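Okay, so here's the structure we're looking at.
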Protein chains: 2
Amino acid sequence: MREVRKGMLLVISGPSGAGKGTLYGKLLRDDPTMTFSVSYATRSPRPGEVDGRDYDFVDEEKFQRMVAEDGFLEYAAVHGHHYGTPRQPVMEALANGQNVMLDIDPQGALQVMERMPGCVSVFILPPSFAELRRRLEGRHTEQREEIERRLHNARGEVAQMNRYQYLLINDDVDAAYETLKDIVSAEKQRSVRYFPEMED
Amino acid sequence: MREVRKGMLLVISGPSGAGKGTLYGKLLRDDPTMTFSVSYATRSPRPGEVDGRDYDFVDEEKFQRMVAEDGFLEYAAVHGHHYGTPRQPVMEALANGQNVMLDIDPQGALQVMERMPGCVSVFILPPSFAELRRRLEGRHTEQREEIERRLHNARGEVAQMNRYQYLLINDDVDAAYETLKDIVSAEKQRSVRYFPEMED
């Protein structure tokens with residue numbers, strides 16, 4: 001039995017308001033084997049955000065150079081700014097046996113799943129669209145129009161949930177978190193992590 | 001989201017002495033969604049064994065008729081007797097959304113994995129061959145020759161462990177059991193159980 005396992009790329013996604021950020025944060029705190037992939041962003045840091053911790057803030061030129069060099073596992077434009085997951089630090093961490101977690105929107109998640117077929121993909125579902133609306137409205141951070149847009153997007157995203165390996169209904173956050181930990185625990189036992197040559 | 005999930009066929013295997021029986025028994029007691037597949041056997045019941053509970057005891061003629069009708073998911077000859085896992089009750093339970101657990105020798109496990117590619121396969125490993133020898137000798141039930149035969153078989157079986165989805169080292173039985181429960185919990189969240197048409 002090999003002592004060093006190949007790292008796991010854990011892709012957590014789901015509609016805005018499904019609660020993936022909370023689950024992601026808990027797992028990152030509790031599981032010392034999990035590392036965080038810092039995304040690139042072309043927007044300016046918001047107050048409190050630290051360059052290199054929250055995002056790697058880069059200008060559009062640098063971002064486009066990375067796109068041209070196939071330097072991203074996924075990238076997307078949101079409200080006129082670009083965001084992307086850099087490929088190299090993720091690949092290095094995995095090769096070193098570290099596990100890497102990505103908390104990305106469903107559009108980015110599908111890109112990663114295509115490029116990294118060995119990744120572990122988890123789709124976080126809200127218990128219902130009514131509950132999703134309640135959560136988005138409860139945040140008091142989005143305008144009505146933005147809420148409607150997110151709800152509309154959520155329907156399209158949920159329609160694609162069969163492309164993920166695992167589905168997790170975030171009804172009760174503690175129960176959902178326990179199940180997420182079970183998924184991570186189980187995936188650490190995958191024989192592909194001991195025999196990476198099997199992986200497709 | 002569908003309410004009824006498709007059942008899971010959980011195949012637990014490993015060398016004799018790896019401790020799969022203990023793990024299997026605990027899971028069957030603790031998880032009410034798990035059902036037990038009663039094997040067919042052509043030998044006579046031993047004292048304390050109940051027909052239909054421990055095995056379905058049948059004669060060789062009936063067993064061979066079932067073989068001819070492709071009635072077994074797997075079968076094997078052990079010490080001149082035949083043992084087999086009947087196909088129909090397993091398929092019915094899975095179709096009804098029940099989970100079915102099989103505790104079978106590696107030879108049978110590989111047969112099931114080939115015929116049921118959607119099954120969940122877990123290989124239980126002893127911590128070392130030295131520990132496996134200690135366990136087999138500690139049982140005081142096998143003759144020296146039989147112990148050597150089992151140790152020899154174990155080496156061949158362990159060489160094929162990369163054909164299983166999950167590997168579980170049974171060093172500490174409580175820890176191994178927790179991880180086995182994590183695997184079952186995670187596998188219940190597989191999107192294929194909600195969207196069975198995806199399964200290969």
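Chain labels follow the order of the structure tokens: the first chain is A, the next B, and so on; residue numbering restarts at 1 in every chain, and ligands are counted from 1 in their shown order.
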
Contact residues (chain A, partner chain B, 6 Å, only C-alpha atoms) as a PyMOL selection string: chain A and resi 162+165-167+182-183+186+189-191

In stretch 5-186 of chain B, DSSP strand (DSSP E) residues written as a count of residues only: 42

Members of stretch 3-189 of chain A assigned helix (DSSP H, G or I) by DSSP, as a VMD selection string: chain A and resid 20 to 30 60 to 68 87 to 95 106 to 115 129 to 138 144 to 158 161 to 163 173 to 188

Polymer residues at most 12 Å from A:Glu137, only C-alpha atoms, same-chain spacing of 2 or more positions, as a VMD selection string: chain A and resid 16 to 17 130 to 135 139 to 148 150 to 151

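Atom CA of A:Phe129 to atom CA of A:Tyr24 spans 21.4 Å [interatomic distance, one decimal].
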
Within 12 Å of A:Glu69 using only C-alpha atoms, minus same-chain residues under 5 positions, as a PyMOL selection string: chain A and resi 62-64+86-88

Residue contacts of stretch 98-115 of chain A (9 Å, only C-alpha atoms) excluding same-chain residues fewer than 2 positions away, as a PyMOL selection string: chain A and resi 5-16+20-21+24+28+33-38+73-76+84-85+90+92-96+117-121+123+157+160+163-164
